[in-house]
file coords_20.cif (mmCIF, C-alpha atoms)
data_final
#
loop_
_atom_site.group_PDB
_atom_site.id
_atom_site.type_symbol
_atom_site.label_atom_id
_atom_site.label_comp_id
_atom_site.auth_asym_id
_atom_site.auth_seq_id
_atom_site.Cartn_x
_atom_site.Cartn_y
_atom_site.Cartn_z
ATOM 1 C CA TYR E 1107 150.808 -55.583 -94.445
ATOM 2 C CA ASP E 1108 150.656 -55.256 -90.672
ATOM 3 C CA ASP E 1109 147.331 -54.041 -89.297
ATOM 4 C CA GLY E 1110 148.648 -53.846 -85.719
ATOM 5 C CA TYR E 1111 145.448 -55.555 -84.535
ATOM 6 C CA ASN E 1112 143.601 -52.384 -85.537
ATOM 7 C CA PRO E 1113 140.296 -52.848 -87.451
ATOM 8 C CA TYR E 1114 140.664 -49.568 -89.361
ATOM 9 C CA ARG E 1115 144.141 -50.498 -90.590
ATOM 10 C CA ALA E 1116 142.849 -53.971 -91.463
ATOM 11 C CA ILE E 1117 140.197 -52.348 -93.697
ATOM 12 C CA ALA E 1118 142.772 -50.096 -95.393
ATOM 13 C CA ASN E 1119 145.167 -53.005 -95.956
ATOM 14 C CA THR E 1120 142.409 -55.206 -97.372
ATOM 15 C CA LYS E 1121 141.271 -52.540 -99.828
ATOM 16 C CA LYS E 1122 144.894 -52.055 -100.897
ATOM 17 C CA LEU E 1123 145.385 -55.797 -101.402
ATOM 18 C CA ILE E 1124 142.235 -56.139 -103.496
ATOM 19 C CA GLU E 1125 142.180 -52.860 -105.428
ATOM 20 C CA LYS E 1126 145.882 -52.081 -105.900
ATOM 21 C CA ASP E 1127 147.654 -55.428 -105.610
ATOM 22 C CA LYS E 1128 144.836 -57.317 -107.379
ATOM 23 C CA VAL E 1129 145.140 -60.408 -105.179
ATOM 24 C CA PHE E 1130 142.580 -63.129 -105.796
ATOM 25 C CA LEU E 1131 142.426 -64.573 -102.271
ATOM 26 C CA LEU E 1132 143.256 -63.521 -98.701
ATOM 27 C CA THR E 1133 144.758 -65.552 -95.851
ATOM 28 C CA GLY E 1134 146.684 -65.109 -92.622
ATOM 29 C CA TYR E 1135 144.452 -62.541 -90.929
ATOM 30 C CA VAL E 1136 144.851 -62.304 -87.151
ATOM 31 C CA GLY E 1137 142.049 -61.429 -84.761
ATOM 32 C CA THR E 1138 138.298 -61.227 -84.355
ATOM 33 C CA PRO E 1139 137.797 -57.422 -84.551
ATOM 34 C CA THR E 1140 140.041 -57.179 -87.623
ATOM 35 C CA SER E 1141 138.331 -60.082 -89.388
ATOM 36 C CA LYS E 1142 134.919 -58.682 -88.510
ATOM 37 C CA ALA E 1143 135.860 -55.297 -89.970
ATOM 38 C CA VAL E 1144 136.922 -56.736 -93.337
ATOM 39 C CA THR E 1145 134.123 -59.303 -93.708
ATOM 40 C CA PRO E 1146 131.751 -56.898 -95.564
ATOM 41 C CA ILE E 1147 134.541 -56.144 -98.084
ATOM 42 C CA VAL E 1148 135.350 -59.823 -98.583
ATOM 43 C CA LEU E 1149 131.700 -60.684 -99.219
ATOM 44 C CA LYS E 1150 131.063 -57.698 -101.477
ATOM 45 C CA GLU E 1151 134.144 -58.351 -103.630
ATOM 46 C CA HIS E 1152 133.628 -62.144 -103.623
ATOM 47 C CA VAL E 1153 137.230 -62.737 -102.429
ATOM 48 C CA PRO E 1154 138.070 -66.127 -100.863
ATOM 49 C CA PHE E 1155 139.134 -65.568 -97.232
ATOM 50 C CA PHE E 1156 141.003 -68.512 -95.731
ATOM 51 C CA PHE E 1157 141.705 -69.605 -92.174
ATOM 52 C CA PRO E 1158 141.785 -66.426 -90.052
ATOM 53 C CA PHE E 1159 143.458 -66.721 -86.645
ATOM 54 C CA THR E 1160 140.198 -66.455 -84.684
ATOM 55 C CA GLY E 1161 137.541 -68.822 -83.411
ATOM 56 C CA ALA E 1162 134.681 -66.331 -83.599
ATOM 57 C CA GLY E 1163 131.295 -67.804 -84.446
ATOM 58 C CA PHE E 1164 130.137 -65.024 -86.796
ATOM 59 C CA LEU E 1165 132.727 -66.159 -89.367
ATOM 60 C CA ARG E 1166 131.194 -69.639 -89.318
ATOM 61 C CA TYR E 1167 127.461 -69.353 -88.658
ATOM 62 C CA PRO E 1168 125.678 -68.814 -90.906
ATOM 63 C CA VAL E 1169 128.087 -70.142 -93.543
ATOM 64 C CA LYS E 1170 129.543 -67.375 -95.698
ATOM 65 C CA ARG E 1171 130.544 -68.714 -99.094
ATOM 66 C CA GLU E 1172 133.834 -66.809 -99.305
ATOM 67 C CA ILE E 1173 135.048 -67.544 -95.759
ATOM 68 C CA PHE E 1174 136.696 -70.821 -94.663
ATOM 69 C CA ASN E 1175 137.850 -71.606 -91.117
ATOM 70 C CA LEU E 1176 140.331 -74.210 -89.939
ATOM 71 C CA ARG E 1177 140.936 -73.808 -86.185
ATOM 72 C CA ALA E 1178 138.405 -74.924 -83.566
ATOM 73 C CA THR E 1179 135.898 -72.267 -82.504
ATOM 74 C CA TYR E 1180 136.068 -70.297 -79.261
ATOM 75 C CA ALA E 1181 132.902 -72.125 -78.204
ATOM 76 C CA MET E 1182 134.781 -75.412 -78.630
ATOM 77 C CA GLU E 1183 137.693 -74.063 -76.586
ATOM 78 C CA THR E 1184 135.520 -72.766 -73.749
ATOM 79 C CA GLU E 1185 133.645 -76.094 -73.710
ATOM 80 C CA ALA E 1186 136.997 -77.862 -73.279
ATOM 81 C CA MET E 1187 137.907 -75.413 -70.505
ATOM 82 C CA VAL E 1188 134.716 -75.989 -68.523
ATOM 83 C CA SER E 1189 134.946 -79.733 -69.134
ATOM 84 C CA TYR E 1190 138.371 -79.673 -67.491
ATOM 85 C CA LEU E 1191 137.599 -77.175 -64.707
ATOM 86 C CA HIS E 1192 134.176 -78.509 -63.680
ATOM 87 C CA ASP E 1193 133.765 -82.055 -64.975
ATOM 88 C CA ARG E 1194 137.285 -83.143 -64.039
ATOM 89 C CA LEU E 1195 138.301 -80.852 -61.151
ATOM 90 C CA GLY E 1196 134.855 -80.131 -59.722
ATOM 91 C CA LEU E 1197 135.213 -76.333 -59.723
ATOM 92 C CA LYS E 1198 132.060 -74.206 -59.761
ATOM 93 C CA LYS E 1199 133.168 -70.619 -59.111
ATOM 94 C CA ILE E 1200 134.322 -69.882 -62.672
ATOM 95 C CA ALA E 1201 134.910 -66.251 -63.700
ATOM 96 C CA ILE E 1202 136.047 -64.561 -66.913
ATOM 97 C CA PHE E 1203 138.475 -61.747 -67.792
ATOM 98 C CA TYR E 1204 138.025 -60.643 -71.389
ATOM 99 C CA GLN E 1205 138.895 -58.034 -73.971
ATOM 100 C CA ASP E 1206 135.993 -55.619 -74.305
ATOM 101 C CA ASP E 1207 135.247 -56.095 -78.005
ATOM 102 C CA SER E 1208 133.863 -58.681 -80.430
ATOM 103 C CA PHE E 1209 136.725 -61.098 -79.647
ATOM 104 C CA GLY E 1210 136.185 -61.008 -75.911
ATOM 105 C CA ARG E 1211 132.425 -61.206 -76.225
ATOM 106 C CA ALA E 1212 132.768 -64.280 -78.478
ATOM 107 C CA GLY E 1213 134.703 -65.967 -75.685
ATOM 108 C CA LEU E 1214 132.148 -64.841 -73.107
ATOM 109 C CA LYS E 1215 129.306 -66.247 -75.204
ATOM 110 C CA GLY E 1216 131.070 -69.609 -75.504
ATOM 111 C CA LEU E 1217 131.768 -69.759 -71.777
ATOM 112 C CA LEU E 1218 128.166 -68.936 -70.863
ATOM 113 C CA LYS E 1219 126.972 -71.708 -73.179
ATOM 114 C CA ALA E 1220 129.330 -74.261 -71.622
ATOM 115 C CA LEU E 1221 128.295 -73.232 -68.095
ATOM 116 C CA LYS E 1222 124.572 -73.323 -68.903
ATOM 117 C CA LYS E 1223 124.974 -76.855 -70.271
ATOM 118 C CA ARG E 1224 126.017 -77.854 -66.723
ATOM 119 C CA ASN E 1225 123.433 -75.707 -64.902
ATOM 120 C CA LEU E 1226 126.179 -73.380 -63.687
ATOM 121 C CA LYS E 1227 126.165 -69.592 -63.556
ATOM 122 C CA LEU E 1228 129.079 -67.286 -64.312
ATOM 123 C CA TYR E 1229 130.670 -66.380 -60.976
ATOM 124 C CA ALA E 1230 132.119 -62.997 -62.047
ATOM 125 C CA LYS E 1231 133.347 -61.052 -65.070
ATOM 126 C CA ALA E 1232 135.797 -58.232 -65.723
ATOM 127 C CA THR E 1233 137.111 -56.574 -68.884
ATOM 128 C CA TYR E 1234 139.934 -54.461 -70.305
ATOM 129 C CA PRO E 1235 140.058 -52.199 -73.424
ATOM 130 C CA ARG E 1236 141.700 -53.636 -76.567
ATOM 131 C CA ASN E 1237 145.345 -52.628 -77.214
ATOM 132 C CA THR E 1238 145.872 -51.598 -73.580
ATOM 133 C CA VAL E 1239 147.134 -53.190 -70.370
ATOM 134 C CA ALA E 1240 144.541 -51.419 -68.218
ATOM 135 C CA VAL E 1241 143.885 -54.437 -65.999
ATOM 136 C CA LYS E 1242 144.165 -53.116 -62.424
ATOM 137 C CA MET E 1243 140.448 -52.679 -61.726
ATOM 138 C CA ALA E 1244 139.727 -56.153 -63.107
ATOM 139 C CA ALA E 1245 142.442 -57.719 -60.934
ATOM 140 C CA TYR E 1246 141.248 -55.929 -57.782
ATOM 141 C CA LYS E 1247 137.698 -57.108 -58.466
ATOM 142 C CA MET E 1248 138.782 -60.737 -58.855
ATOM 143 C CA ALA E 1249 141.040 -60.566 -55.783
ATOM 144 C CA LYS E 1250 138.033 -59.495 -53.732
ATOM 145 C CA LEU E 1251 135.703 -62.214 -55.119
ATOM 146 C CA LYS E 1252 138.284 -65.046 -55.092
ATOM 147 C CA PRO E 1253 136.991 -67.291 -57.926
ATOM 148 C CA GLU E 1254 138.248 -70.857 -58.155
ATOM 149 C CA ALA E 1255 139.149 -70.380 -61.826
ATOM 150 C CA ILE E 1256 139.365 -67.481 -64.275
ATOM 151 C CA VAL E 1257 138.988 -67.906 -68.032
ATOM 152 C CA LEU E 1258 141.077 -65.336 -69.927
ATOM 153 C CA VAL E 1259 140.088 -64.163 -73.410
ATOM 154 C CA GLY E 1260 142.656 -61.627 -74.510
ATOM 155 C CA ALA E 1261 146.091 -60.773 -75.874
ATOM 156 C CA TYR E 1262 149.271 -61.897 -74.141
ATOM 157 C CA LYS E 1263 150.437 -58.595 -72.603
ATOM 158 C CA PRO E 1264 147.207 -57.681 -70.763
ATOM 159 C CA CYS E 1265 146.587 -61.321 -69.810
ATOM 160 C CA ALA E 1266 150.096 -61.611 -68.371
ATOM 161 C CA ALA E 1267 149.744 -58.311 -66.505
ATOM 162 C CA PHE E 1268 146.392 -59.457 -65.095
ATOM 163 C CA ILE E 1269 147.699 -62.843 -63.946
ATOM 164 C CA LYS E 1270 150.773 -61.289 -62.314
ATOM 165 C CA LEU E 1271 148.706 -58.723 -60.420
ATOM 166 C CA CYS E 1272 146.104 -61.293 -59.346
ATOM 167 C CA LYS E 1273 148.821 -63.540 -57.927
ATOM 168 C CA GLN E 1274 150.442 -60.590 -56.158
ATOM 169 C CA LEU E 1275 147.022 -59.818 -54.646
ATOM 170 C CA GLY E 1276 146.795 -63.305 -53.198
ATOM 171 C CA LEU E 1277 144.996 -65.424 -55.832
ATOM 172 C CA ASN E 1278 147.594 -68.174 -55.651
ATOM 173 C CA ASN E 1279 145.014 -70.965 -55.467
ATOM 174 C CA THR E 1280 142.996 -69.692 -58.434
ATOM 175 C CA LEU E 1281 143.446 -71.456 -61.779
ATOM 176 C CA PHE E 1282 144.040 -69.191 -64.773
ATOM 177 C CA ILE E 1283 143.121 -70.683 -68.160
ATOM 178 C CA ASN E 1284 143.775 -68.793 -71.413
ATOM 179 C CA ILE E 1285 142.156 -69.188 -74.821
ATOM 180 C CA SER E 1286 144.607 -70.153 -77.608
ATOM 181 C CA PHE E 1287 144.587 -66.734 -79.312
ATOM 182 C CA VAL E 1288 146.740 -65.419 -76.472
ATOM 183 C CA GLY E 1289 149.896 -66.790 -78.130
ATOM 184 C CA SER E 1290 151.444 -69.351 -75.793
ATOM 185 C CA LYS E 1291 155.130 -68.640 -76.364
ATOM 186 C CA ALA E 1292 154.673 -64.885 -75.948
ATOM 187 C CA LEU E 1293 152.572 -65.394 -72.806
ATOM 188 C CA LEU E 1294 155.154 -67.758 -71.305
ATOM 189 C CA LYS E 1295 157.922 -65.205 -71.835
ATOM 190 C CA GLU E 1296 155.830 -62.318 -70.510
ATOM 191 C CA LEU E 1297 154.755 -64.192 -67.355
ATOM 192 C CA GLY E 1298 158.219 -65.275 -66.281
ATOM 193 C CA ARG E 1299 158.125 -66.799 -62.787
ATOM 194 C CA PHE E 1300 154.391 -66.080 -62.525
ATOM 195 C CA GLY E 1301 153.628 -68.607 -65.260
ATOM 196 C CA GLU E 1302 153.732 -71.730 -63.100
ATOM 197 C CA GLY E 1303 150.395 -73.581 -63.296
ATOM 198 C CA VAL E 1304 148.832 -71.283 -65.897
ATOM 199 C CA LEU E 1305 146.685 -73.188 -68.415
ATOM 200 C CA ILE E 1306 146.185 -72.558 -72.145
ATOM 201 C CA THR E 1307 143.877 -74.332 -74.570
ATOM 202 C CA GLN E 1308 145.427 -75.135 -77.956
ATOM 203 C CA VAL E 1309 143.963 -75.844 -81.393
ATOM 204 C CA VAL E 1310 147.057 -77.603 -82.775
ATOM 205 C CA PRO E 1311 149.217 -80.371 -81.263
ATOM 206 C CA PHE E 1312 152.508 -79.787 -79.449
ATOM 207 C CA PRO E 1313 154.912 -78.059 -81.896
ATOM 208 C CA SER E 1314 157.785 -80.210 -80.627
ATOM 209 C CA ASP E 1315 155.976 -83.555 -80.908
ATOM 210 C CA THR E 1316 157.625 -84.861 -84.059
ATOM 211 C CA SER E 1317 155.780 -88.169 -83.731
ATOM 212 C CA VAL E 1318 152.903 -86.264 -85.386
ATOM 213 C CA PRO E 1319 153.709 -86.323 -89.149
ATOM 214 C CA VAL E 1320 152.752 -82.695 -89.865
ATOM 215 C CA VAL E 1321 154.802 -81.502 -86.888
ATOM 216 C CA SER E 1322 157.818 -83.435 -88.162
ATOM 217 C CA GLU E 1323 157.378 -81.856 -91.607
ATOM 218 C CA TYR E 1324 156.917 -78.388 -90.070
ATOM 219 C CA TYR E 1325 160.002 -78.739 -87.926
ATOM 220 C CA ARG E 1326 162.159 -79.932 -90.843
ATOM 221 C CA ILE E 1327 161.039 -77.240 -93.289
ATOM 222 C CA MET E 1328 161.162 -74.391 -90.761
ATOM 223 C CA ARG E 1329 164.702 -75.309 -89.755
ATOM 224 C CA GLU E 1330 165.719 -75.469 -93.426
ATOM 225 C CA VAL E 1331 164.349 -71.969 -93.953
ATOM 226 C CA TYR E 1332 165.222 -70.256 -90.655
ATOM 227 C CA GLY E 1333 168.247 -72.222 -89.499
ATOM 228 C CA SER E 1334 169.060 -74.436 -86.549
ATOM 229 C CA ASP E 1335 168.132 -71.733 -83.999
ATOM 230 C CA PHE E 1336 164.456 -71.873 -85.059
ATOM 231 C CA GLU E 1337 162.132 -72.313 -82.069
ATOM 232 C CA PRO E 1338 158.874 -74.172 -82.742
ATOM 233 C CA GLY E 1339 155.647 -72.637 -81.469
ATOM 234 C CA PHE E 1340 151.881 -73.200 -81.475
ATOM 235 C CA VAL E 1341 151.181 -70.100 -83.584
ATOM 236 C CA SER E 1342 153.713 -70.823 -86.331
ATOM 237 C CA LEU E 1343 152.590 -74.471 -86.423
ATOM 238 C CA GLU E 1344 148.988 -73.343 -86.928
ATOM 239 C CA GLY E 1345 150.157 -71.085 -89.757
ATOM 240 C CA PHE E 1346 152.045 -73.999 -91.330
ATOM 241 C CA ILE E 1347 149.041 -76.337 -91.157
ATOM 242 C CA SER E 1348 146.751 -73.631 -92.561
ATOM 243 C CA ALA E 1349 149.136 -73.063 -95.457
ATOM 244 C CA LYS E 1350 149.360 -76.787 -96.159
ATOM 245 C CA VAL E 1351 145.568 -77.155 -96.330
ATOM 246 C CA LEU E 1352 145.305 -74.063 -98.553
ATOM 247 C CA VAL E 1353 147.952 -75.435 -100.931
ATOM 248 C CA GLU E 1354 145.982 -78.693 -101.178
ATOM 249 C CA ILE E 1355 142.875 -76.705 -102.120
ATOM 250 C CA LEU E 1356 144.805 -74.714 -104.738
ATOM 251 C CA LYS E 1357 146.292 -77.893 -106.220
ATOM 252 C CA LYS E 1358 142.830 -79.415 -106.609
ATOM 253 C CA ALA E 1359 141.303 -76.311 -108.206
ATOM 254 C CA ASN E 1360 140.658 -76.702 -111.931
ATOM 255 C CA ASP E 1361 141.639 -73.058 -112.447
ATOM 256 C CA LEU E 1362 143.201 -70.319 -110.312
ATOM 257 C CA THR E 1363 140.155 -68.095 -110.167
ATOM 258 C CA ARG E 1364 138.172 -67.074 -107.109
ATOM 259 C CA GLU E 1365 135.158 -69.192 -108.028
ATOM 260 C CA ALA E 1366 137.266 -72.244 -108.864
ATOM 261 C CA VAL E 1367 139.121 -72.025 -105.539
ATOM 262 C CA ILE E 1368 135.871 -71.727 -103.563
ATOM 263 C CA GLN E 1369 134.478 -74.755 -105.412
ATOM 264 C CA SER E 1370 137.701 -76.681 -104.750
ATOM 265 C CA ALA E 1371 137.547 -75.838 -101.038
ATOM 266 C CA GLU E 1372 133.911 -76.888 -100.769
ATOM 267 C CA SER E 1373 134.735 -80.228 -102.384
ATOM 268 C CA LEU E 1374 137.624 -81.070 -100.014
ATOM 269 C CA ARG E 1375 136.831 -84.384 -98.323
ATOM 270 C CA ASN E 1376 138.657 -86.272 -95.569
ATOM 271 C CA TYR E 1377 141.989 -84.544 -96.147
ATOM 272 C CA ASP E 1378 144.555 -85.272 -93.426
ATOM 273 C CA PRO E 1379 147.521 -82.845 -93.526
ATOM 274 C CA GLY E 1380 149.406 -85.206 -91.200
ATOM 275 C CA LEU E 1381 147.461 -84.460 -88.016
ATOM 276 C CA GLY E 1382 145.656 -87.760 -87.722
ATOM 277 C CA LEU E 1383 142.492 -85.675 -88.128
ATOM 278 C CA LYS E 1384 140.488 -85.449 -91.340
ATOM 279 C CA ILE E 1385 139.347 -82.121 -92.766
ATOM 280 C CA SER E 1386 136.246 -81.801 -94.924
ATOM 281 C CA PHE E 1387 134.375 -78.792 -96.256
ATOM 282 C CA SER E 1388 131.057 -78.549 -98.087
ATOM 283 C CA PRO E 1389 128.655 -75.792 -99.171
ATOM 284 C CA GLN E 1390 126.926 -76.243 -95.801
ATOM 285 C CA ASN E 1391 130.098 -76.505 -93.675
ATOM 286 C CA HIS E 1392 133.153 -74.220 -93.764
ATOM 287 C CA GLN E 1393 134.624 -75.389 -90.415
ATOM 288 C CA GLY E 1394 137.679 -77.635 -90.685
ATOM 289 C CA LEU E 1395 138.863 -78.783 -87.231
ATOM 290 C CA LYS E 1396 137.176 -79.310 -83.849
ATOM 291 C CA LYS E 1397 139.996 -80.701 -81.732
ATOM 292 C CA VAL E 1398 141.127 -78.811 -78.592
ATOM 293 C CA TRP E 1399 144.128 -79.647 -76.372
ATOM 294 C CA VAL E 1400 144.654 -78.335 -72.815
ATOM 295 C CA THR E 1401 148.207 -77.427 -71.785
ATOM 296 C CA VAL E 1402 149.808 -76.151 -68.576
ATOM 297 C CA ILE E 1403 153.040 -74.278 -67.833
ATOM 298 C CA ARG E 1404 155.354 -76.305 -65.587
ATOM 299 C CA GLN E 1405 158.887 -75.085 -64.755
ATOM 300 C CA GLY E 1406 158.964 -72.766 -67.760
ATOM 301 C CA ARG E 1407 157.744 -75.376 -70.248
ATOM 302 C CA PHE E 1408 154.407 -76.489 -71.681
ATOM 303 C CA GLU E 1409 152.953 -79.843 -70.676
ATOM 304 C CA LEU E 1410 149.920 -81.572 -72.164
ATOM 305 C CA ILE E 1411 147.056 -82.397 -69.818
ATOM 306 C CA ARG E 1412 145.781 -85.747 -71.020
#

call {"tool": "encode", "arguments": {"input": "coords_20.cif", "output": "structure tokens"}}
result
Amino acid sequence: YDDGYNPYRAIANTKKLIEKDKVFLLTGYVGTPTSKAVTPIVLKEHVPFFFPFTGAGFLRYPVKREIFNLRATYAMETEAMVSYLHDRLGLKKIAIFYQDDSFGRAGLKGLLKALKKRNLKLYAKATYPRNTVAVKMAAYKMAKLKPEAIVLVGAYKPCAAFIKLCKQLGLNNTLFINISFVGSKALLKELGRFGEGVLITQVVPFPSDTSVPVVSEYYRIMREVYGSDFEPGFVSLEGFISAKVLVEILKKANDLTREAVIQSAESLRNYDPGLGLKISFSPQNHQGLKKVWVTVIRQGRFELIR
């Protein structure tokens, strides 16, 4: 069921899945506001909730027994951003453009933490309403203040519209760095010629780097299913890795019940799905991965910043 990134539809879909369809676990949810909206239902009904496409801290801390997370947190991504922008490039005037909801505020919180760690203050901030491309006021504000770098925490359409307008307003020397949720392939397409030099943090390796065993497996299976015209992407690779880890948990469960699956997940130790990174869960830790990669758009393609 498609919730359209709408929390109210996410609630309706979740109730339908649990009450009508009688599912015994949930996975594949996209977004912070949608995941936040369904969390009370998940906890009340004691339904395992695996690997949502969000790095929000409230899903992780404190640990909620039914909820398991795989991707790195937004705090980990913003730490990687500031490490690159300040520690490596020496930039200090770092601003943020974010979606005005729980998702955007999670990114803001992570950025503030990373800046404070380095005795830096946020240079400027601007927002836009969820499910809109109302970015003009934010772009005009940033064009006036001229930050050295802008962290973007949002969806691909408003982020692309913001970047385009900022560049048209003269911010050609400003670095734009997006959090992974943006959807790299969609952002690249939406930006067109304005994409050159735009940065994106990633929580999975390059989807075309078949030297990584899980990427090779992903590429082979996806082409078998979708044909030779299949185009690899960061989002579908994350979905593949999440599914692989979930299958491992299901295989190790002594019974296919909710309680047995939760116990199986909490007993997963040092499992490597082919990433070269080991995943472990416990009753005290429901966070799987911590790795963050930084990528940049060069001549219409993604490059890894090493």

call {"tool": "resolve_selection", "arguments": {"input": "coords_20.cif", "expression": "the PyMOL selection byres ((chain E and resi 1120) around 9)", "output": "MDAnalysis selection string"}}
result
chainID E and resid 1107 1115:1119 1121:1125 1132 1144 1147:1148

call {"tool": "axis_aligned_box", "arguments": {"input": "coords_20.cif", "around": "region 1327-1345 of chain E", "padding_each_side": "8 Å", "output": "AutoDock Vina command-line options"}}
result
--center_x 159.0 --center_y -73.7 --center_z -87.7 --size_x 36.1 --size_y 23.1 --size_z 28.5

call {"tool": "resolve_selection", "arguments": {"input": "coords_20.cif", "expression": "the PyMOL selection byres ((chain E and resi 1276-1286) around 7)", "output": "number ranges by chain"}}
result
E: 1183, 1249, 1252-1259, 1272-1275, 1287-1289, 1304-1309

call {"tool": "residues_around", "arguments": {"input": "coords_20.cif", "residues": "Val1318 (chain E)", "least_positions_apart": "2", "cutoff": "8 Å", "atoms": "all atoms listed in the file", "output": "list of chain:residue names"}}
result
E:Asp1315, E:Thr1316, E:Val1320, E:Val1321, E:Ser1322, E:Gly1380, E:Leu1381, E:Gly1382

call {"tool": "atom_distance", "arguments": {"input": "coords_20.cif", "atom1": "CA of Pro1168 (chain E)", "atom2": "CA of Phe1155 (chain E)"}}
result
15.2 Å

call {"tool": "closest_residue", "arguments": {"input": "coords_20.cif", "among": "E:Glu1172, E:Lys1128, E:Arg1404, E:Pro1113", "to": "Ile1368 (chain E)", "atoms": "only C-alpha atoms"}}
result
E:Glu1172

call {"tool": "resolve_selection", "arguments": {"input": "coords_20.cif", "expression": "the PyMOL selection byres ((chain E and resi 1138) around 9)", "output": "PyMOL selection string"}}
result
chain E and resi 1136-1137+1139-1143+1158-1162+1165+1207-1210+1212

call {"tool": "residues_around", "arguments": {"input": "coords_20.cif", "residues": "Ala1181 (chain E)", "least_positions_apart": "6", "cutoff": "9 Å", "atoms": "only C-alpha atoms", "output": "list of chain:residue names"}}
result
E:Gly1161, E:Ala1162, E:Gly1163, E:Ala1212, E:Gly1213, E:Leu1214, E:Lys1215, E:Gly1216, E:Leu1217, E:Lys1219, E:Ala1220

call {"tool": "write_last_selection", "arguments": {"input": "coords_20.cif", "atoms": "C-alpha atoms", "output": "PDB file, keeping the file's coordinate frame"}}
result
ATOM      1  CA  GLY E1161     137.541 -68.822 -83.411  1.00  0.00           C
ATOM      2  CA  ALA E1162     134.681 -66.331 -83.599  1.00  0.00           C
ATOM      3  CA  GLY E1163     131.295 -67.804 -84.446  1.00  0.00           C
ATOM      4  CA  ALA E1212     132.768 -64.280 -78.478  1.00  0.00           C
ATOM      5  CA  GLY E1213     134.703 -65.967 -75.685  1.00  0.00           C
ATOM      6  CA  LEU E1214     132.148 -64.841 -73.107  1.00  0.00           C
ATOM      7  CA  LYS E1215     129.306 -66.247 -75.204  1.00  0.00           C
ATOM      8  CA  GLY E1216     131.070 -69.609 -75.504  1.00  0.00           C
ATOM      9  CA  LEU E1217     131.768 -69.759 -71.777  1.00  0.00           C
ATOM     10  CA  LYS E1219     126.972 -71.708 -73.179  1.00  0.00           C
ATOM     11  CA  ALA E1220     129.330 -74.261 -71.622  1.00  0.00           C
TER      12      ALA E1220
END

call {"tool": "closest_residue", "arguments": {"input": "coords_20.cif", "among": "E:Lys1291, E:Lys1384, E:Lys1150, E:Lys1231", "to": "Ser1342 (chain E)", "atoms": "all atoms listed in the file"}}
result
E:Lys1291

call {"tool": "atom_distance", "arguments": {"input": "coords_20.cif", "atom1": "CA of Leu1218 (chain E)", "atom2": "CA of Tyr1204 (chain E)"}}
result
12.9 Å

call {"tool": "residues_around", "arguments": {"input": "coords_20.cif", "residues": "region 1233-1235 of chain E", "least_positions_apart": "2", "cutoff": "12 Å", "atoms": "all atoms listed in the file", "output": "number ranges by chain"}}
result
E: 1201-1211, 1213-1214, 1230-1231, 1237-1248, 1257-1261, 1263-1265, 1267-1268

call {"tool": "residues_around", "arguments": {"input": "coords_20.cif", "residues": "region 1325-1333 of chain E", "least_positions_apart": "5", "cutoff": "12 Å", "atoms": "all atoms listed in the file", "output": "list in words"}}
result
Phe1312, Pro1313, Ser1314, Asp1315, Thr1316, Ser1317, Val1318, Pro1319, Val1320, Pro1338, Gly1339, Phe1340, Ser1342, Leu1343, Gly1345, Phe1346 and Ile1347 of chain E

call {"tool": "atom_distance", "arguments": {"input": "coords_20.cif", "atom1": "CA of Val1398 (chain E)", "atom2": "CA of Ala1178 (chain E)"}}
result
6.9 Å

call {"tool": "closest_residue", "arguments": {"input": "coords_20.cif", "among": "E:Leu1294, E:Thr1401, E:Arg1364, E:Gln1390", "to": "Tyr1167 (chain E)", "atoms": "all atoms listed in the file"}}
result
E:Gln1390

call {"tool": "residues_around", "arguments": {"input": "coords_20.cif", "residues": "Leu1356 (chain E)", "least_positions_apart": "4", "cutoff": "12 Å", "atoms": "all atoms listed in the file", "output": "ChimeraX atom specification"}}
result
/E:1130-1131,1154,1156,1349-1352,1360-1374
